[in-house]
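**Student:** Before I ask anything, let me first share the structure, which is written out below as structure tokens.
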Amino acid sequence: MKKFFLAGSLVLLVFSCSKKETPVESSPSPGTSDARNTSAGHLSGEQMIETLDCSGCHSITEKMVGPSYREIAAKYTDKDTELLASKIIEGGSGVWGNVPMPAHPQISKEDAGKIVQYIVSLKK
């Protein structure tokens with residue numbers, strides 16, 4: 001029974017973390033000809049989280065595949081914004097367990113920073 005549950009959990013993890021992310025479109029900057037922009041500069045960190053695949057592994061209060069946002073907020077401060085933003089973009093493993101966090105290379109450093117600021121703001 002435990003093997004069946006573990007296998008089912010692994011399948012769920014693969015599907016939830018492999019979800020294709022749709023870049024958030026915004027208006028092109030003045031003077032550019034590119035109609036598509038992957039920067040979500042007009043969205044808040046909370047809104048960006050809602051548009052990405054984050055909820056497949058994280059929630060605000062409950063540990064899921066990854067830590068809850070409140071657990072992250074309790075461990076890190078505003079001083080760690082650059083470190084955490086890099087982990088969002090590049091992915092990582094080993095800090096919260098054996099399950100690696102997938103990379104999100106389509107997210108800009110600025111947008112990843114907004115996501116981190118939102119998460120850190122959830123400190124109790």
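Naming scheme: A, B, ... for chains in displayed order of the structure tokens; residues 1 onward per chain; ligands 1 onward as shown.
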Find the spatial neighbours of Gly66 in chain A, counting only C-alpha atoms, within a cut-off of 9 Å - ignore same-chain residues fewer than 6 positions away - and output them as a PyMOL selection string.

**Tutor:** chain A and resi 57-59+96-97+99-101

**Student:** Nearest to Thr51 in chain A: which of A:Ile115, A:Leu83, A:Lys123, A:Lys75 is it, counting only C-alpha atoms?

**Tutor:**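 Ranked by minimum distance to Thr51 in chain A, first place goes to A:Ile115.
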
**Student:** What is the distance between CA of Gln106 in chain A and CA of Ile88 in chain A, in Å to one decimal?

**Tutor:**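 Computing it gives 10.2 Å between the two atoms.
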
**Student:** Quick one: residues within 9 Å of Lys124 in chain A, only C-alpha atoms, excluding same-chain residues fewer than 6 positions away - as a PDB file with N, CA, C and O atoms, in the first residue's frame?

**Tutor:**
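For reference, result_4.pdb as written:
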ATOM      1  N   ARG A  70       4.986  30.542   4.269  1.00  0.00           N
ATOM      2  CA  ARG A  70       5.266  31.021   5.636  1.00  0.00           C
ATOM      3  C   ARG A  70       6.525  30.371   6.204  1.00  0.00           C
ATOM      4  O   ARG A  70       7.261  31.017   6.944  1.00  0.00           O
ATOM      5  N   ALA A  73       9.284  32.283   4.608  1.00  0.00           N
ATOM      6  CA  ALA A  73       9.364  33.620   5.221  1.00  0.00           C
ATOM      7  C   ALA A  73      10.005  33.569   6.598  1.00  0.00           C
ATOM      8  O   ALA A  73      10.728  34.492   6.989  1.00  0.00           O
ATOM      9  N   ALA A  74       9.761  32.499   7.351  1.00  0.00           N
ATOM     10  CA  ALA A  74      10.344  32.370   8.684  1.00  0.00           C
ATOM     11  C   ALA A  74      11.854  32.140   8.620  1.00  0.00           C
ATOM     12  O   ALA A  74      12.580  32.523   9.535  1.00  0.00           O
TER      13      ALA A  74
END

**Student:** Calculate how many Å separate CA of Ser86 in chain A from CA of Glu71 in chain A, rounding to one decimal.

**Tutor:** 18.3 Å
